[in-house]
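Below is one structure, written out as structure tokens; the observations come after it.
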Amino acid sequence: MAALTREITETVQRYPYTGDGEDTQGNQIEEFGDAVEIGIYAFDPGGSKEPGTGGRDAVVSEPTIYLPFGSPFKAHDECDVRGHRYSVEGEPAQWVHPRRGPQGDVVKLRRVNG
């Protein structure tokens, strides 16, 4: 079978999570490294929802990015895509085709406004 060739269609900015300390109250300190530009195959804007949480008008967006296999994204990283900052939701998934081998990574993102 012929190998599939995918094209990088746009770039995103990855902010690697570096926080591993605690403040004086014992709360985890969130810190991120410098932005690193990463090429992606596609951005799926997904959907958004407005959870009915009392006393709060929030909008939750949950897009997905598709990128080359073996990307550096990890859980807790952050990412700028098309002018919006998102958190990486969980561990990135690696998609391996049963006959063609490694095809790419799938990274789920999340942003909450409000």
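Order determines the names: the first chain of the structure tokens is A, the second B, and so forth; residues in each chain are numbered 1 upward, and ligands are numbered 1 upward as they are shown.
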
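Non-sequential neighbours of Val88 of chain A (distance at most 6 Å, separation of 6 or more positions within a chain, only C-alpha atoms) are Ala75, His76, Asp77, Glu78 and Leu109 of chain A.
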
Since we have the selection now, will you write its residues out, keeping C-alpha atoms, as an mmCIF file, in the first residue's frame?
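What ended up in again-v8.cif:
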```cif
data_model
loop_
_atom_site.group_PDB
_atom_site.id
_atom_site.type_symbol
_atom_site.label_atom_id
_atom_site.label_comp_id
_atom_site.auth_asym_id
_atom_site.auth_seq_id
_atom_site.Cartn_x
_atom_site.Cartn_y
_atom_site.Cartn_z
ATOM 1 C CA ALA A 75 -1.130 16.758 29.491
ATOM 2 C CA HIS A 76 -1.262 20.158 31.248
ATOM 3 C CA ASP A 77 0.428 22.007 28.340
ATOM 4 C CA GLU A 78 -1.287 25.033 26.843
ATOM 5 C CA LEU A 109 -8.117 21.019 23.848
#
```

Among segment 5-109 of chain A, which ones does DSSP assign to strand (DSSP E) (computed from the backbone)? Answer as a PyMOL selection string. chain A and resi 10-15+36-40+42-49+59-67+78-81+84-88+93-97+101-109

Per residue of segment 1-49 of chain A within 9 Å of segment 57-62 of chain A, note the shortest atom pair and the distance in Å to one decimal, counting only C-alpha atoms, and order the rows by chain and increasing residue number, as a tab-separated table.
```
residue	atom	partner	partner_atom	distance
A:Pro45	CA	A:Glu62	CA	7.2
A:Gly46	CA	A:Glu62	CA	5.7
A:Gly47	CA	A:Ser61	CA	6.0
A:Ser48	CA	A:Ser61	CA	4.3
A:Lys49	CA	A:Val60	CA	5.3
```

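For the atom pair formed by atom CA of Ala93 of chain A and atom CA of Gln28 of chain A, the distance is 25.6 Å, given to one decimal.
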
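For the set A:Glu91, A:Asp44, A:Glu31, A:Glu50, the residue with the smallest atom-to-atom gap to Val112 of chain A is A:Glu50, counting only C-alpha atoms.
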
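When only C-alpha atoms are used to compute distances to Gly104 of chain A, the closest of the residues A:Ser87, A:Ser71, A:Thr24, A:Thr11 turns out to be A:Ser71.
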
Near-Gly70 of chain A list (9 Å; only C-alpha atoms; drop same-chain fewer than 5 positions) as a list in words: Gln94, Pro102, Gly104 and Asp105 of chain A

Just-selected residues, C-alpha atoms written as an mmCIF file, in the first residue's frame:
```
data_model
loop_
_atom_site.group_PDB
_atom_site.id
_atom_site.type_symbol
_atom_site.label_atom_id
_atom_site.label_comp_id
_atom_site.auth_asym_id
_atom_site.auth_seq_id
_atom_site.Cartn_x
_atom_site.Cartn_y
_atom_site.Cartn_z
ATOM 1 C CA GLN A 94 -1.368 8.427 18.988
ATOM 2 C CA PRO A 102 1.856 5.540 12.788
ATOM 3 C CA GLY A 104 -0.471 11.079 13.663
ATOM 4 C CA ASP A 105 -1.319 12.473 17.071
#
```

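Proximity to Arg14 of chain A was assessed for A:Glu30, A:Cys79, A:Ile40, A:Lys108 counting only C-alpha atoms; the smallest distance is recorded for A:Cys79.
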